[in-house]
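The structure file data.txt is reproduced below (compact mmCIF, C-alpha atoms).
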# COMPACT_ATOMS: atom_id res chain seq x y z
CA MET A 660 0.00 0.00 0.00
CA THR A 661 1.14 3.54 -0.65
CA GLN A 662 0.92 6.28 1.97
CA VAL A 663 -2.29 7.49 0.36
CA ASP A 664 -3.78 3.99 0.41
CA VAL A 665 -2.90 3.60 4.07
CA ARG A 666 -4.51 6.93 4.97
CA GLN A 667 -7.63 6.11 2.98
CA LYS A 668 -7.93 2.74 4.69
CA ILE A 669 -7.52 4.32 8.13
CA LEU A 670 -10.22 6.87 7.38
CA ALA A 671 -12.57 4.25 5.92
CA ASP A 672 -12.11 2.01 8.97
CA ASN A 673 -12.80 4.98 11.21
CA ALA A 674 -15.91 5.95 9.26
CA ALA A 675 -17.31 2.45 9.65
CA ALA A 676 -16.66 2.42 13.39
CA ALA A 677 -18.13 5.92 13.70
CA ALA A 678 -21.31 4.86 11.90
CA ALA A 679 -21.74 1.98 14.33
CA LEU A 680 -21.26 4.33 17.28
CA SER A 681 -23.78 6.76 15.82
CA ALA A 682 -26.37 3.98 15.59
CA ARG A 683 -25.62 2.98 19.17
CA PHE A 684 -26.07 6.57 20.38
CA ALA A 685 -29.35 6.77 18.45
CA ASP A 686 -30.57 3.61 20.21
CA SER A 687 -29.63 4.96 23.62
CA ARG A 688 -31.05 8.40 22.76
CA THR A 689 -27.80 9.98 23.91
CA LEU A 690 -26.73 13.33 22.50
CA VAL A 691 -23.00 13.24 21.74
CA MET A 692 -20.73 16.20 21.17
CA ASN A 693 -17.12 16.07 19.98
CA LEU A 694 -15.22 19.03 21.45
CA ILE A 695 -12.15 20.14 19.52
CA SER A 696 -9.71 22.99 20.14
CA SER A 697 -6.11 23.94 20.69
CA PRO A 698 -4.53 22.84 23.95
CA GLY A 699 -5.57 25.20 26.70
CA SER A 700 -8.62 26.74 25.03
CA GLY A 701 -10.76 25.72 27.96
CA LYS A 702 -12.55 22.53 26.91
CA THR A 703 -12.40 20.93 30.36
CA THR A 704 -13.25 24.20 32.06
CA LEU A 705 -16.31 24.63 29.83
CA LEU A 706 -17.35 21.07 30.70
CA GLU A 707 -16.89 21.70 34.42
CA ALA A 708 -19.19 24.71 34.23
CA THR A 709 -21.67 22.73 32.13
CA VAL A 710 -21.74 19.89 34.63
CA ARG A 711 -22.35 22.35 37.48
CA ALA A 712 -25.26 23.84 35.56
CA LEU A 713 -26.89 20.75 34.11
CA SER A 714 -26.06 17.67 36.15
CA GLY A 715 -29.12 18.14 38.35
CA ARG A 716 -31.38 17.84 35.32
CA LEU A 717 -29.49 15.59 32.90
CA ARG A 718 -27.39 12.46 33.12
CA LEU A 719 -24.01 13.61 31.83
CA GLY A 720 -20.86 11.68 31.05
CA ALA A 721 -17.51 12.35 29.41
CA ILE A 722 -14.76 10.67 27.47
CA GLU A 723 -11.49 12.57 27.70
CA GLY A 724 -8.72 12.26 25.12
CA ASP A 725 -5.17 13.18 26.00
CA ILE A 726 -1.64 12.27 25.05
CA ALA A 727 -0.83 11.68 28.71
CA THR A 728 -2.20 12.12 32.25
CA GLU A 729 -5.64 11.47 33.77
CA ARG A 730 -5.98 15.09 34.86
CA ASP A 731 -9.02 15.98 32.77
CA ALA A 732 -11.10 12.92 33.63
CA ASP A 733 -10.21 13.44 37.29
CA ARG A 734 -11.49 17.03 37.13
CA LEU A 735 -14.88 15.87 35.87
CA ARG A 736 -15.14 12.88 38.21
CA ARG A 737 -14.67 15.27 41.11
CA LEU A 738 -17.93 16.91 39.99
CA GLY A 739 -19.71 13.58 40.22
CA ILE A 740 -20.11 12.51 36.60
CA PRO A 741 -18.68 9.36 35.05
CA ALA A 742 -15.62 10.13 32.95
CA HIS A 743 -13.28 7.81 31.08
CA GLN A 744 -9.77 8.89 30.11
CA ILE A 745 -8.33 7.64 26.82
CA LEU A 746 -4.56 8.04 26.64
CA THR A 747 -3.36 8.14 23.05
CA GLY A 748 0.36 7.86 23.74
CA GLY A 749 1.63 10.04 20.95
CA GLY A 750 -1.61 10.13 18.97
CA CYS A 751 -2.84 13.60 18.10
CA HIS A 752 -6.56 12.76 17.95
CA LEU A 753 -9.16 10.26 19.11
CA ASP A 754 -10.55 7.73 16.68
CA ALA A 755 -13.87 5.89 16.72
CA ARG A 756 -12.36 2.56 17.69
CA GLN A 757 -10.83 4.13 20.80
CA VAL A 758 -14.26 5.48 21.75
CA ARG A 759 -15.84 2.08 21.16
CA GLY A 760 -13.13 0.49 23.30
CA ALA A 761 -13.65 3.04 26.06
CA LEU A 762 -17.39 2.31 26.17
CA ALA A 763 -16.72 -1.44 26.29
CA GLU A 764 -14.19 -1.07 29.08
CA HIS A 765 -16.08 1.43 31.20
CA ASP A 766 -19.86 1.41 31.31
CA LEU A 767 -20.75 5.05 31.76
CA GLY A 768 -24.37 4.07 32.39
CA PRO A 769 -27.43 5.48 30.66
CA LEU A 770 -26.65 9.02 29.60
CA ASP A 771 -28.60 11.93 28.21
CA VAL A 772 -25.49 13.70 27.01
CA LEU A 773 -21.99 12.37 26.35
CA PHE A 774 -19.22 14.91 25.88
CA ILE A 775 -16.17 13.63 24.05
CA GLU A 776 -13.26 15.95 24.70
CA ASN A 777 -10.73 15.36 21.96
CA VAL A 778 -6.95 15.69 22.23
CA GLY A 779 -5.92 19.34 22.27
CA ASN A 780 -5.26 19.90 18.60
CA LEU A 781 -6.88 22.16 16.04
CA VAL A 782 -5.95 19.96 13.07
CA CYS A 783 -5.84 16.19 13.43
CA PRO A 784 -9.18 15.47 15.16
CA THR A 785 -11.19 17.06 12.36
CA ALA A 786 -10.96 14.12 9.97
CA TYR A 787 -12.03 11.46 12.50
CA ASP A 788 -15.73 11.30 13.23
CA LEU A 789 -16.55 9.63 16.53
CA GLY A 790 -20.25 8.94 16.02
CA GLU A 791 -21.11 12.35 17.45
CA ASP A 792 -24.20 14.38 16.66
CA PHE A 793 -22.03 17.41 16.00
CA LYS A 794 -18.60 18.88 16.52
CA VAL A 795 -17.96 21.89 18.74
CA ALA A 796 -14.89 24.02 18.05
CA LEU A 797 -13.57 26.15 20.90
CA LEU A 798 -11.43 29.25 20.41
CA SER A 799 -10.21 31.28 23.36
CA VAL A 800 -9.93 35.04 22.99
CA THR A 801 -6.24 34.82 23.85
CA GLU A 802 -5.47 32.84 20.69
CA GLY A 803 -6.06 35.67 18.24
CA GLU A 804 -8.81 36.37 15.76
CA ASP A 805 -6.92 34.96 12.78
CA LYS A 806 -7.45 31.33 13.74
CA PRO A 807 -10.60 30.30 11.80
CA PHE A 808 -9.04 31.17 8.44
CA LYS A 809 -5.72 29.62 9.50
CA TYR A 810 -7.45 26.36 10.56
CA PRO A 811 -10.39 26.23 8.15
CA GLY A 812 -10.93 22.49 8.41
CA ILE A 813 -12.26 22.46 11.95
CA PHE A 814 -14.19 25.72 11.72
CA SER A 815 -15.95 24.37 8.61
CA ALA A 816 -16.69 21.01 10.19
CA ALA A 817 -18.00 22.34 13.52
CA GLU A 818 -21.69 23.15 13.69
CA VAL A 819 -21.01 25.18 16.82
CA THR A 820 -18.09 27.46 17.62
CA VAL A 821 -17.68 28.50 21.24
CA VAL A 822 -15.48 31.51 21.90
CA THR A 823 -14.10 31.03 25.42
CA LYS A 824 -12.41 33.16 28.09
CA ALA A 825 -14.44 36.24 27.16
CA ASP A 826 -13.59 37.62 30.62
CA LEU A 827 -10.09 38.28 29.23
CA LEU A 828 -11.34 40.46 26.35
CA PRO A 829 -10.37 43.72 28.11
CA HIS A 830 -6.76 42.49 28.34
CA VAL A 831 -6.07 41.12 24.86
CA PRO A 832 -6.34 42.35 21.29
CA PHE A 833 -9.12 40.21 19.81
CA GLN A 834 -11.55 41.32 17.15
CA LEU A 835 -14.71 39.38 17.84
CA ASP A 836 -16.40 40.68 14.69
CA GLU A 837 -13.50 39.36 12.65
CA VAL A 838 -14.03 35.90 14.13
CA ARG A 839 -17.77 36.09 13.50
CA GLY A 840 -17.11 36.93 9.86
CA GLN A 841 -14.58 34.14 9.36
CA VAL A 842 -16.77 31.52 11.02
CA ALA A 843 -19.83 32.62 9.05
CA ALA A 844 -17.82 32.30 5.82
CA LEU A 845 -16.51 28.86 6.72
CA ARG A 846 -19.75 27.47 8.19
CA PRO A 847 -22.80 29.31 6.87
CA GLY A 848 -25.71 28.78 9.24
CA GLY A 849 -23.46 27.62 12.06
CA THR A 850 -23.82 28.85 15.62
CA LEU A 851 -21.28 31.01 17.43
CA LEU A 852 -21.47 31.54 21.18
CA VAL A 853 -19.30 33.82 23.30
CA THR A 854 -18.69 32.47 26.78
CA SER A 855 -16.69 32.75 29.93
CA ALA A 856 -16.73 29.86 32.35
CA THR A 857 -15.12 32.25 34.87
CA SER A 858 -17.70 35.04 34.74
CA GLY A 859 -20.57 32.84 33.60
CA ALA A 860 -21.21 34.97 30.52
CA GLY A 861 -22.85 33.00 27.73
CA MET A 862 -23.18 29.85 29.81
CA ALA A 863 -26.98 30.00 29.82
CA GLU A 864 -27.00 30.13 26.03
CA TRP A 865 -24.57 27.21 25.82
CA CYS A 866 -26.59 25.09 28.23
CA ALA A 867 -29.80 25.98 26.38
CA LEU A 868 -28.17 24.83 23.15
CA VAL A 869 -27.25 21.49 24.73
CA GLU A 870 -30.79 20.97 26.00
CA ALA A 871 -32.39 22.06 22.74
CA ARG A 872 -30.22 19.72 20.72
CA LEU A 873 -31.03 16.84 23.05
CA ALA A 874 -34.75 17.57 22.73
CA ARG A 875 -34.44 17.78 18.96
CA LYS A 876 -32.61 14.45 18.75
CA ARG A 877 -35.25 12.77 20.87
CA ALA A 878 -38.11 14.28 18.91
CA SER A 879 -36.62 13.20 15.61
CA GLY A 880 -35.86 9.71 16.88
CA ALA A 881 -39.34 9.16 18.29
CA MET B 906 3.71 -1.92 3.60
CA THR B 907 1.87 -1.83 6.91
CA GLN B 908 0.91 1.40 8.64
CA VAL B 909 3.94 1.05 10.88
CA ASP B 910 6.23 0.51 7.88
CA VAL B 911 4.80 3.58 6.18
CA ARG B 912 5.34 5.73 9.24
CA GLN B 913 8.89 4.45 9.70
CA LYS B 914 9.71 5.20 6.07
CA ILE B 915 8.27 8.72 6.35
CA LEU B 916 10.35 9.41 9.46
CA ALA B 917 13.49 7.90 7.91
CA ASP B 918 13.07 10.01 4.77
CA ASN B 919 12.56 13.07 6.92
CA ALA B 920 15.63 12.31 9.02
CA ALA B 921 17.78 12.07 5.88
CA ALA B 922 16.47 15.36 4.54
CA ALA B 923 16.95 16.99 7.95
CA ALA B 924 20.55 15.81 8.13
CA ALA B 925 21.24 17.41 4.75
CA LEU B 926 19.65 20.65 5.90
CA SER B 927 21.69 20.60 9.08
CA ALA B 928 24.89 20.28 7.03
CA ARG B 929 23.80 23.14 4.81
CA PHE B 930 23.10 25.36 7.83
CA ALA B 931 26.51 24.45 9.25
CA ASP B 932 28.14 25.53 5.98
CA SER B 933 26.26 28.82 5.94
CA ARG B 934 26.92 29.33 9.68
CA THR B 935 23.23 30.01 10.18
CA LEU B 936 21.64 29.34 13.55
CA VAL B 937 18.27 27.68 13.02
CA MET B 938 15.45 27.39 15.56
CA ASN B 939 12.28 25.34 15.17
CA LEU B 940 9.47 27.04 17.09
CA ILE B 941 6.61 24.78 18.19
CA SER B 942 3.47 25.53 20.19
CA SER B 943 -0.30 25.40 20.25
CA PRO B 944 -2.12 27.73 17.87
CA GLY B 945 -2.23 31.20 19.36
CA SER B 946 0.59 30.83 21.88
CA GLY B 947 2.35 33.80 20.37
CA LYS B 948 5.05 32.40 18.07
CA THR B 949 4.68 35.12 15.44
CA THR B 950 4.35 37.83 18.09
CA LEU B 951 7.57 36.63 19.75
CA LEU B 952 9.29 36.73 16.38
CA GLU B 953 8.01 40.24 15.66
CA ALA B 954 9.47 41.46 18.94
CA THR B 955 12.70 39.58 18.23
CA VAL B 956 13.02 41.16 14.80
CA ARG B 957 12.48 44.62 16.26
CA ALA B 958 15.20 43.99 18.81
CA LEU B 959 17.81 42.21 16.71
CA SER B 960 17.41 43.05 13.03
CA GLY B 961 19.80 45.99 13.31
CA ARG B 962 22.57 43.65 14.41
CA LEU B 963 21.79 40.32 12.79
CA ARG B 964 20.53 39.13 9.42
CA LEU B 965 17.26 37.38 10.29
CA GLY B 966 14.90 35.35 8.15
CA ALA B 967 11.87 33.18 8.70
CA ILE B 968 10.03 30.22 7.28
CA GLU B 969 6.40 30.13 8.37
CA GLY B 970 4.32 26.96 8.41
CA ASP B 971 0.54 27.14 8.34
CA ILE B 972 -2.41 25.11 7.15
CA ALA B 973 -3.71 28.15 5.28
CA THR B 974 -3.15 31.92 4.79
CA GLU B 975 0.01 33.99 4.33
CA ARG B 976 -0.77 36.07 7.40
CA ASP B 977 2.26 35.16 9.45
CA ALA B 978 4.85 35.64 6.70
CA ASP B 979 3.20 38.96 5.84
CA ARG B 980 3.54 40.11 9.45
CA LEU B 981 7.30 39.47 9.41
CA ARG B 982 7.87 40.90 5.93
CA ARG B 983 6.29 44.11 7.12
CA LEU B 984 9.17 44.35 9.59
CA GLY B 985 11.66 44.08 6.76
CA ILE B 986 12.97 40.54 7.01
CA PRO B 987 12.70 37.87 4.32
CA ALA B 988 9.97 35.37 5.15
CA HIS B 989 8.67 32.41 3.18
CA GLN B 990 5.25 30.92 3.86
CA ILE B 991 4.79 27.16 3.51
CA LEU B 992 1.15 26.16 3.25
CA THR B 993 0.64 22.57 4.29
CA GLY B 994 -2.96 22.19 3.14
CA GLY B 995 -4.21 19.89 5.84
CA GLY B 996 -0.79 18.90 7.13
CA CYS B 997 -0.33 19.34 10.87
CA HIS B 998 3.45 19.90 10.82
CA LEU B 999 6.34 20.95 8.60
CA ASP B 1000 8.75 18.35 7.28
CA ALA B 1001 12.35 18.71 6.17
CA ARG B 1002 11.56 18.32 2.49
CA GLN B 1003 9.15 21.24 2.66
CA VAL B 1004 11.89 23.36 4.24
CA ARG B 1005 14.35 22.27 1.56
CA GLY B 1006 11.79 23.14 -1.11
CA ALA B 1007 11.14 26.53 0.46
CA LEU B 1008 14.84 27.38 0.44
CA ALA B 1009 15.14 26.29 -3.20
CA GLU B 1010 12.14 28.35 -4.24
CA HIS B 1011 12.90 31.46 -2.25
CA ASP B 1012 16.50 32.53 -1.64
CA LEU B 1013 16.32 34.16 1.78
CA GLY B 1014 19.89 35.41 1.32
CA PRO B 1015 22.78 34.95 3.75
CA LEU B 1016 21.34 34.74 7.24
CA ASP B 1017 22.72 34.74 10.74
CA VAL B 1018 19.54 33.32 12.20
CA LEU B 1019 16.66 31.46 10.54
CA PHE B 1020 13.49 31.03 12.54
CA ILE B 1021 11.25 28.20 11.41
CA GLU B 1022 7.78 28.73 12.82
CA ASN B 1023 6.02 25.39 12.70
CA VAL B 1024 2.31 24.78 12.22
CA GLY B 1025 0.41 25.58 15.41
CA ASN B 1026 0.30 22.15 17.01
CA LEU B 1027 1.75 20.79 20.23
CA VAL B 1028 1.96 17.19 18.99
CA CYS B 1029 2.73 16.47 15.35
CA PRO B 1030 5.75 18.72 14.72
CA THR B 1031 7.79 17.07 17.48
CA ALA B 1032 8.77 13.98 15.47
CA TYR B 1033 9.97 15.85 12.38
CA ASP B 1034 13.40 17.43 12.66
CA LEU B 1035 13.99 20.24 10.20
CA GLY B 1036 17.78 20.50 10.39
CA GLU B 1037 17.47 22.98 13.26
CA ASP B 1038 20.03 23.59 15.97
CA PHE B 1039 17.32 23.26 18.59
CA LYS B 1040 13.61 23.28 19.17
CA VAL B 1041 11.84 26.00 21.12
CA ALA B 1042 8.51 25.17 22.76
CA LEU B 1043 6.21 28.07 23.58
CA LEU B 1044 3.49 27.95 26.22
CA SER B 1045 1.27 30.93 26.93
CA VAL B 1046 0.12 31.56 30.48
CA THR B 1047 -3.50 31.37 29.34
CA GLU B 1048 -3.13 27.69 28.37
CA GLY B 1049 -2.83 26.37 31.91
CA GLU B 1050 0.06 24.94 33.87
CA ASP B 1051 -0.84 21.31 33.18
CA LYS B 1052 0.41 21.33 29.60
CA PRO B 1053 4.00 20.03 29.85
CA PHE B 1054 2.92 16.77 31.47
CA LYS B 1055 -0.04 16.49 29.06
CA TYR B 1056 2.22 17.00 26.03
CA PRO B 1057 5.49 15.47 27.22
CA GLY B 1058 6.89 14.83 23.74
CA ILE B 1059 7.52 18.43 22.82
CA PHE B 1060 8.58 19.59 26.27
CA SER B 1061 11.16 16.77 26.35
CA ALA B 1062 12.41 17.52 22.86
CA ALA B 1063 12.72 21.29 23.24
CA GLU B 1064 16.00 22.62 24.61
CA VAL B 1065 14.27 25.90 25.35
CA THR B 1066 10.76 26.53 26.68
CA VAL B 1067 9.46 30.08 26.40
CA VAL B 1068 6.49 30.97 28.58
CA THR B 1069 4.65 33.76 26.74
CA LYS B 1070 2.02 36.41 27.53
CA ALA B 1071 3.36 36.89 31.07
CA ASP B 1072 1.56 40.27 31.07
CA LEU B 1073 -1.68 38.29 31.50
CA LEU B 1074 -0.51 36.52 34.69
CA PRO B 1075 -2.58 38.80 36.95
CA HIS B 1076 -5.73 37.76 35.09
CA VAL B 1077 -5.41 33.98 34.81
CA PRO B 1078 -4.81 31.07 37.17
CA PHE B 1079 -1.36 29.82 36.16
CA GLN B 1080 1.17 28.27 38.52
CA LEU B 1081 4.53 29.18 37.06
CA ASP B 1082 6.40 27.05 39.59
CA GLU B 1083 4.34 24.04 38.50
CA VAL B 1084 5.44 24.60 34.91
CA ARG B 1085 9.06 25.01 35.97
CA GLY B 1086 8.88 21.70 37.80
CA GLN B 1087 7.28 19.82 34.93
CA VAL B 1088 9.71 21.19 32.35
CA ALA B 1089 12.69 20.43 34.57
CA ALA B 1090 11.46 16.85 34.96
CA LEU B 1091 10.92 16.41 31.23
CA ARG B 1092 14.06 18.19 30.05
CA PRO B 1093 16.74 18.26 32.75
CA GLY B 1094 19.20 21.04 32.00
CA GLY B 1095 16.85 22.78 29.61
CA THR B 1096 16.23 26.50 29.66
CA LEU B 1097 12.95 28.13 30.62
CA LEU B 1098 12.32 31.81 29.94
CA VAL B 1099 9.28 33.86 30.97
CA THR B 1100 8.41 36.58 28.48
CA SER B 1101 5.85 39.06 27.33
CA ALA B 1102 6.17 40.52 23.88
CA THR B 1103 3.59 43.10 24.97
CA SER B 1104 5.35 44.40 28.09
CA GLY B 1105 8.85 43.48 26.93
CA ALA B 1106 9.48 41.36 30.01
CA GLY B 1107 12.05 38.66 29.41
CA MET B 1108 12.78 39.77 25.86
CA ALA B 1109 16.34 40.81 26.69
CA GLU B 1110 17.02 37.32 28.06
CA TRP B 1111 15.50 35.70 24.96
CA CYS B 1112 17.51 37.86 22.58
CA ALA B 1113 20.66 37.20 24.59
CA LEU B 1114 20.01 33.48 24.29
CA VAL B 1115 19.68 33.78 20.50
CA GLU B 1116 22.94 35.72 20.25
CA ALA B 1117 24.78 33.39 22.62
CA ARG B 1118 23.67 30.32 20.70
CA LEU B 1119 24.75 31.91 17.41
CA ALA B 1120 28.15 32.76 18.87
CA ARG B 1121 28.51 29.23 20.24
CA LYS B 1122 27.63 27.67 16.88
CA ARG B 1123 30.16 29.83 15.10
CA ALA B 1124 32.86 29.15 17.65
CA SER B 1125 32.34 25.40 17.49
CA GLY B 1126 32.27 25.45 13.69
CA ALA B 1127 35.44 27.54 13.34
As structure tokens:
Amino acid sequence: MTQVDVRQKILADNAAAAAALSARFADSRTLVMNLISSPGSGKTTLLEATVRALSGRLRLGAIEGDIATERDADRLRRLGIPAHQILTGGGCHLDARQVRGALAEHDLGPLDVLFIENVGNLVCPTAYDLGEDFKVALLSVTEGEDKPFKYPGIFSAAEVTVVTKADLLPHVPFQLDEVRGQVAALRPGGTLLVTSATSGAGMAEWCALVEARLARKRASGA
Amino acid sequence: MTQVDVRQKILADNAAAAAALSARFADSRTLVMNLISSPGSGKTTLLEATVRALSGRLRLGAIEGDIATERDADRLRRLGIPAHQILTGGGCHLDARQVRGALAEHDLGPLDVLFIENVGNLVCPTAYDLGEDFKVALLSVTEGEDKPFKYPGIFSAAEVTVVTKADLLPHVPFQLDEVRGQVAALRPGGTLLVTSATSGAGMAEWCALVEARLARKRASGA
């Protein structure tokens, strides 16, 4: 096989595993989100705030992807939700077979919403579907407003873009309108939310989106 | 070939190309740094500040790696140094053949220091040497102090770690001592600098390091 053949086979194998996961999540009526961003954009922090807001009403669980350490799963377990840590070794993204393996190894129980937090990487995770309902791209205001056009793959693939760390806007140069324009060009009809897990800004809108998408999935699957 | 064979061949081809580049940079007595970080950690901003400080004394040039856009090369050209943009398409790192191709296509002229700014990614670039004298890992204070242990590959491989955006320390939770400890464990004897291109903090130390490493390379090659 050539390099191209190998890559095509990897992607085809992943697509098949992702389709099986998607069917499984349809059966269990679980809404699944695949969260993708640079390292340090605040994926785990957004999830912590989401768990605090929603865990009284919804059964939440998480699969955490990292190169190394159990830190992120530990942070979510401390809030009382089941969380499984996948360690990729050197791998720069999760793949669907790893998610399938995680669910086989660790029964997270019946869930309304499963958050899959991908490895911190704005490139590699984009090509590997994980059976999710939709991808969420995070971009912190400290990263600069040029990122959507510099990383068009993920900002095209993500139905939802969450701008994070909005509490830092007074301290950094960041043109929010520029980001809105780039995201709208890359993903017409997509949703962009501006949030701060620290101040709580935008968290109600984010949680409402999660609940609305869960309701929509259940209505369509009825 | 299996997937493992393909990957080994890719890395072996890259290593051969990197060795040739290293010999070329030894001949030209050019100090070469390979800058690696997450998207938005401030690689280009560090280089802008470096160019402002050193371009009167040293001949500087840059190769910029991005998935898309010429933004970063444009930013450096505006400061008067030659800069070549490599667009990787979807590729999550630069490889040595791309650097060789860039130098063939665009004569940057005789240089004292060549900065190679890799694609924004804390994982993939680590395995691909580019003929550089050393790797520099950047970590902004907004990314969180857990990153070295979560991304041990790059923080082991980098001789120098530059903590950036120190001006934001009053506004974010970031345990600098924790980062120092992790980096020291991963790269004993490595150098860690704390900088802010905005306030200028630490920039004198960074520029002194660049000049000292250039002098050392020239002394050892004499």
At a cut-off of 10 Å, using all atoms listed in the file, what residues contact B:Gln1003? Leave out same-chain residues fewer than 4 positions from it and give the result as a compact mmCIF listing (two decimals) with C-alpha atoms, in the coordinates of the input.
# COMPACT_ATOMS: atom_id res chain seq x y z
CA ASN B 919 12.56 13.07 6.92
CA ALA B 922 16.47 15.36 4.54
CA GLY B 970 4.32 26.96 8.41
CA ILE B 991 4.79 27.16 3.51
CA LEU B 992 1.15 26.16 3.25
CA THR B 993 0.64 22.57 4.29
CA LEU B 999 6.34 20.95 8.60
CA ALA B 1007 11.14 26.53 0.46
CA LEU B 1008 14.84 27.38 0.44
CA ALA B 1009 15.14 26.29 -3.20
CA LEU B 1035 13.99 20.24 10.20
Compile the residues of chain B that lie within 9 Å of chain A, evaluated using all atoms listed in the file, and express the compilation as a compact mmCIF listing (two decimals) with C-alpha atoms, keeping the file's coordinate frame.
# COMPACT_ATOMS: atom_id res chain seq x y z
CA MET B 906 3.71 -1.92 3.60
CA THR B 907 1.87 -1.83 6.91
CA GLN B 908 0.91 1.40 8.64
CA VAL B 911 4.80 3.58 6.18
CA ARG B 912 5.34 5.73 9.24
CA ILE B 915 8.27 8.72 6.35
CA SER B 943 -0.30 25.40 20.25
CA PRO B 944 -2.12 27.73 17.87
CA GLY B 945 -2.23 31.20 19.36
CA SER B 946 0.59 30.83 21.88
CA GLY B 947 2.35 33.80 20.37
CA ASP B 971 0.54 27.14 8.34
CA ILE B 972 -2.41 25.11 7.15
CA ALA B 973 -3.71 28.15 5.28
CA THR B 974 -3.15 31.92 4.79
CA GLU B 975 0.01 33.99 4.33
CA ARG B 976 -0.77 36.07 7.40
CA GLY B 995 -4.21 19.89 5.84
CA GLY B 996 -0.79 18.90 7.13
CA CYS B 997 -0.33 19.34 10.87
CA GLY B 1025 0.41 25.58 15.41
CA ASN B 1026 0.30 22.15 17.01
CA LEU B 1027 1.75 20.79 20.23
CA VAL B 1028 1.96 17.19 18.99
CA CYS B 1029 2.73 16.47 15.35
CA SER B 1045 1.27 30.93 26.93
CA THR B 1047 -3.50 31.37 29.34
CA GLU B 1048 -3.13 27.69 28.37
CA GLY B 1049 -2.83 26.37 31.91
CA ASP B 1051 -0.84 21.31 33.18
CA LYS B 1052 0.41 21.33 29.60
CA PHE B 1054 2.92 16.77 31.47
CA LYS B 1055 -0.04 16.49 29.06
CA TYR B 1056 2.22 17.00 26.03
CA PRO B 1057 5.49 15.47 27.22
CA GLY B 1058 6.89 14.83 23.74
CA LEU B 1073 -1.68 38.29 31.50
CA HIS B 1076 -5.73 37.76 35.09
CA VAL B 1077 -5.41 33.98 34.81
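Using all atoms listed in the file, the shortest contact distance between B:Lys1122 and any of B:Ile1059, B:Val937, B:Val1068, B:Leu926 is found at B:Val937.
Compared by their closest atoms to B:Leu1074, and using all atoms listed in the file, the residues B:Gly1014, B:Ser1101, B:Phe1039, B:Ala1109 rank with B:Ser1101 nearest.
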What's around A:Trp865 at 12 Å? Count all atoms listed in the file, leave out sequence neighbours fewer than 4 positions away in its own chain, and write the answer as an mmCIF file with C-alpha atoms, in the coordinates of the input.
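Output saved as result-v1.cif:
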data_model
loop_
_atom_site.group_PDB
_atom_site.id
_atom_site.type_symbol
_atom_site.label_atom_id
_atom_site.label_comp_id
_atom_site.auth_asym_id
_atom_site.auth_seq_id
_atom_site.Cartn_x
_atom_site.Cartn_y
_atom_site.Cartn_z
ATOM 1 C CA LEU A 705 -16.310 24.630 29.830
ATOM 2 C CA LEU A 706 -17.350 21.070 30.700
ATOM 3 C CA ALA A 708 -19.190 24.710 34.230
ATOM 4 C CA THR A 709 -21.670 22.730 32.130
ATOM 5 C CA VAL A 710 -21.740 19.890 34.630
ATOM 6 C CA ALA A 712 -25.260 23.840 35.560
ATOM 7 C CA LEU A 713 -26.890 20.750 34.110
ATOM 8 C CA VAL A 795 -17.960 21.890 18.740
ATOM 9 C CA VAL A 819 -21.010 25.180 16.820
ATOM 10 C CA THR A 820 -18.090 27.460 17.620
ATOM 11 C CA VAL A 821 -17.680 28.500 21.240
ATOM 12 C CA VAL A 822 -15.480 31.510 21.900
ATOM 13 C CA THR A 823 -14.100 31.030 25.420
ATOM 14 C CA THR A 850 -23.820 28.850 15.620
ATOM 15 C CA LEU A 851 -21.280 31.010 17.430
ATOM 16 C CA LEU A 852 -21.470 31.540 21.180
ATOM 17 C CA VAL A 853 -19.300 33.820 23.300
ATOM 18 C CA THR A 854 -18.690 32.470 26.780
ATOM 19 C CA SER A 855 -16.690 32.750 29.930
ATOM 20 C CA ALA A 856 -16.730 29.860 32.350
ATOM 21 C CA GLY A 859 -20.570 32.840 33.600
ATOM 22 C CA ALA A 860 -21.210 34.970 30.520
ATOM 23 C CA GLY A 861 -22.850 33.000 27.730
ATOM 24 C CA VAL A 869 -27.250 21.490 24.730
ATOM 25 C CA GLU A 870 -30.790 20.970 26.000
ATOM 26 C CA ALA A 871 -32.390 22.060 22.740
ATOM 27 C CA ARG A 872 -30.220 19.720 20.720
#
Show me, as a PyMOL selection string, the residues that have an atom within 10 Å of A:Ala732 when counting only C-alpha atoms, minus same-chain residues fewer than 6 positions from it.
chain A and resi 703+721-725+740-745+776
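Note that the spacing between atom CA of A:Leu767 and atom CA of A:Ala755 amounts to 16.6 Å.
A straight line drawn from atom CA of B:Ile941 to atom CA of B:Leu981 is 17.1 Å long.
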Between atom CA of B:Glu1110 and atom CA of B:Gly1126, measure the distance and give it in Å to one decimal.
24.1 Å
Considering only C-alpha atoms, can you say which of A:Ala685, A:Leu694, A:Ala678, A:Ala867 comes closest to A:Ala796?
A:Leu694
Exercise on stretch 744-753 of chain A, axis-aligned box with 5 Å per side, report centre and edge lengths in Å to one decimal, as JSON:
{"center_x": -4.1, "center_y": 10.6, "center_z": 24.0, "size_x": 21.4, "size_y": 16.0, "size_z": 22.2}
Nearest to A:Arg877 among A:Glu837, A:Asp788, A:Asp686, A:Asp733, with distances taken over only C-alpha atoms: which residue is it?
A:Asp686
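If only C-alpha atoms are the atoms counted, then among B:Asn1023, B:Ser927, B:Ser1104, B:Gln913 the closest residue to B:Leu1043 is B:Asn1023.
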